[in-house]
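Notes for the one structure printed next.
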Amino acid sequence: MSETIIVGVDGSETAQRAARRAAELAVKLDADLVVITAHASDNTEVVSIGSDTWILDDAEQARKLAQRVANDVKNAVPGVKITAAAGHGKPGDVLISDAEDRKASMIVVGNVGMKGLGRVLGSVASSVAHSAPCDVLVVKTDK
């Protein structure tokens with residue numbers, strides 16, 4: 001059975017760096033990589049302008065963001081076995097829950113928010129490190 005590594009992304013360049021690092025590890029460990037993003041609400045809105053209608057769905061937008069990051073990472077790191085996912089809730093909770101569900105061996109997160117005011121108020125990396133059911137790698141992404 002193959003190992004699974006989960007990486008949390010939010011569309012930022014720092015999250016992209018963490019995802020690339022996670023992909024490099026996944027290739028070296030012959031593990032599957034899951035790129036996941038969280039969405040805070042389950043809103044669906046229908047927007048009509050003239051004869052055009054669009055359906056805006058938070059969950060779908062989150063899945064698209066995760067897929068876009070997965071595609072970028074797959075192009076940057078050949079050989080990575082990668083899937084994209086999205087979950088409803090706070091980012092740290094989504095990562096922990098997904099790691100439990102998939103019996104992941106590692107969660108990868110960036111270190112943004114672990115210094116200054118973010119350190120006092122809390123960060124995704126900090127909450128995941130304290131509650132994860134598996135190893136956590138905090139990637140230095142704030143270069």
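Following the order of the structure tokens, chains are lettered A, B, ..., residues in each are numbered from 1, and ligands are numbered from 1.
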Would you mind writing down, as a compact mmCIF listing (two decimals) with N, CA and C atoms, in the first residue's frame, each residue of stretch 6-137 of chain A that DSSP on the backbone assigns to strand (DSSP E or B)?
```
# COMPACT_ATOMS: atom_id res chain seq x y z
N ILE A 6 -0.17 14.75 2.22
CA ILE A 6 -1.18 15.79 1.98
C ILE A 6 -0.51 17.14 2.10
N VAL A 7 -0.82 18.04 1.17
CA VAL A 7 -0.31 19.40 1.26
C VAL A 7 -1.48 20.36 1.15
N GLY A 8 -1.50 21.35 2.04
CA GLY A 8 -2.55 22.35 2.03
C GLY A 8 -2.13 23.55 1.20
N ASP A 32 1.75 8.88 -2.86
CA ASP A 32 0.72 9.66 -3.53
C ASP A 32 0.66 11.02 -2.86
N LEU A 33 0.41 12.06 -3.65
CA LEU A 33 0.28 13.41 -3.11
C LEU A 33 -1.13 13.91 -3.33
N VAL A 34 -1.71 14.44 -2.27
CA VAL A 34 -3.04 15.06 -2.35
C VAL A 34 -2.87 16.54 -2.06
N VAL A 35 -3.25 17.35 -3.03
CA VAL A 35 -3.25 18.81 -2.89
C VAL A 35 -4.66 19.20 -2.47
N ILE A 36 -4.78 19.81 -1.29
CA ILE A 36 -6.12 20.12 -0.77
C ILE A 36 -6.22 21.58 -0.36
N THR A 37 -7.38 22.13 -0.59
CA THR A 37 -7.66 23.49 -0.13
C THR A 37 -8.98 23.47 0.64
N ALA A 38 -9.14 24.44 1.50
CA ALA A 38 -10.36 24.53 2.32
C ALA A 38 -11.23 25.67 1.82
N HIS A 39 -12.52 25.50 2.01
CA HIS A 39 -13.45 26.61 1.75
C HIS A 39 -14.32 26.77 2.98
N THR A 44 -23.71 28.79 -2.81
CA THR A 44 -23.90 28.67 -4.25
C THR A 44 -24.74 29.86 -4.66
N GLU A 45 -24.25 30.56 -5.68
CA GLU A 45 -24.95 31.76 -6.13
C GLU A 45 -25.12 31.69 -7.64
N VAL A 46 -26.31 32.04 -8.10
CA VAL A 46 -26.58 32.10 -9.53
C VAL A 46 -26.55 33.57 -9.94
N VAL A 47 -25.71 33.87 -10.92
CA VAL A 47 -25.57 35.24 -11.40
C VAL A 47 -26.01 35.28 -12.86
N SER A 48 -26.96 36.14 -13.15
CA SER A 48 -27.43 36.30 -14.53
C SER A 48 -27.17 37.73 -14.99
N ILE A 49 -26.55 37.82 -16.16
CA ILE A 49 -26.32 39.11 -16.80
C ILE A 49 -26.77 38.95 -18.24
N ASP A 52 -26.75 35.53 -20.23
CA ASP A 52 -25.73 34.65 -19.67
C ASP A 52 -26.02 34.38 -18.20
N THR A 53 -25.82 33.12 -17.80
CA THR A 53 -26.02 32.73 -16.40
C THR A 53 -24.79 31.95 -15.94
N TRP A 54 -24.29 32.30 -14.74
CA TRP A 54 -23.16 31.59 -14.15
C TRP A 54 -23.59 31.08 -12.79
N ILE A 55 -23.10 29.91 -12.44
CA ILE A 55 -23.30 29.36 -11.10
C ILE A 55 -21.96 29.43 -10.38
N LEU A 56 -21.93 30.19 -9.31
CA LEU A 56 -20.72 30.36 -8.51
C LEU A 56 -20.87 29.52 -7.25
N ASP A 57 -20.01 28.57 -7.08
CA ASP A 57 -20.10 27.62 -5.98
C ASP A 57 -18.76 27.60 -5.25
N LYS A 81 2.64 11.42 -8.41
CA LYS A 81 1.27 10.90 -8.48
C LYS A 81 0.42 11.84 -7.63
N ILE A 82 -0.44 12.61 -8.27
CA ILE A 82 -1.08 13.74 -7.58
C ILE A 82 -2.57 13.79 -7.85
N THR A 83 -3.32 14.14 -6.83
CA THR A 83 -4.75 14.39 -6.97
C THR A 83 -5.08 15.69 -6.24
N ALA A 84 -6.22 16.26 -6.58
CA ALA A 84 -6.66 17.51 -5.97
C ALA A 84 -7.96 17.26 -5.21
N ALA A 85 -8.13 18.01 -4.13
CA ALA A 85 -9.34 17.87 -3.32
C ALA A 85 -9.64 19.19 -2.62
N ALA A 86 -10.85 19.29 -2.11
CA ALA A 86 -11.27 20.46 -1.34
C ALA A 86 -12.13 19.98 -0.18
N GLY A 87 -12.09 20.73 0.90
CA GLY A 87 -12.90 20.39 2.06
C GLY A 87 -13.51 21.62 2.69
N HIS A 88 -14.64 21.42 3.33
CA HIS A 88 -15.36 22.51 3.98
C HIS A 88 -14.89 22.64 5.42
N MET A 106 1.97 11.87 6.14
CA MET A 106 2.55 13.19 6.36
C MET A 106 1.62 14.29 5.84
N ILE A 107 1.63 15.41 6.56
CA ILE A 107 0.98 16.64 6.11
C ILE A 107 2.09 17.66 5.90
N VAL A 108 2.06 18.35 4.77
CA VAL A 108 3.04 19.39 4.48
C VAL A 108 2.32 20.73 4.46
N VAL A 109 2.87 21.69 5.18
CA VAL A 109 2.32 23.05 5.22
C VAL A 109 3.47 24.04 5.15
N GLY A 110 3.17 25.26 4.73
CA GLY A 110 4.15 26.33 4.72
C GLY A 110 4.24 26.98 6.09
N ASP A 135 2.98 12.58 10.78
CA ASP A 135 4.09 13.53 10.75
C ASP A 135 3.67 14.81 10.05
N VAL A 136 4.31 15.91 10.42
CA VAL A 136 4.05 17.21 9.80
C VAL A 136 5.40 17.80 9.38
N LEU A 137 5.44 18.24 8.14
CA LEU A 137 6.61 18.96 7.65
C LEU A 137 6.22 20.40 7.42
```
Smallest atom-to-atom distance to A:Thr141: which of A:Ala104, A:Ala129, A:Ile96, A:Val112, using only C-alpha atoms? A:Val112
Please identify the helix (DSSP H, G or I) residues within chain A (assignment by DSSP from backbone atoms) and present them as a VMD selection string. chain A and resid 13 to 29 58 to 76 91 to 102 116 to 121 124 to 131
Proximity to A:Pro133 - best of A:Ala99, A:Ala31, A:Leu65, A:Ala15, only C-alpha atoms: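 Nearest to A:Pro133: A:Ala99.
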Length of the atom CA of A:Ser126 to atom CA of A:Asp10 vector [Å]: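 Taking atom CA of A:Ser126 and atom CA of A:Asp10, their separation equals 16.2 Å.
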Nearest candidate to A:Ala22 (options A:Lys90, A:Arg63, A:Lys74, A:Arg68; using only C-alpha atoms):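 That would be A:Lys74, the residue with the smallest distance to A:Ala22.
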Correct to one decimal, the distance atom CA of A:Pro91-atom CA of A:Val128 is 9.0 Å
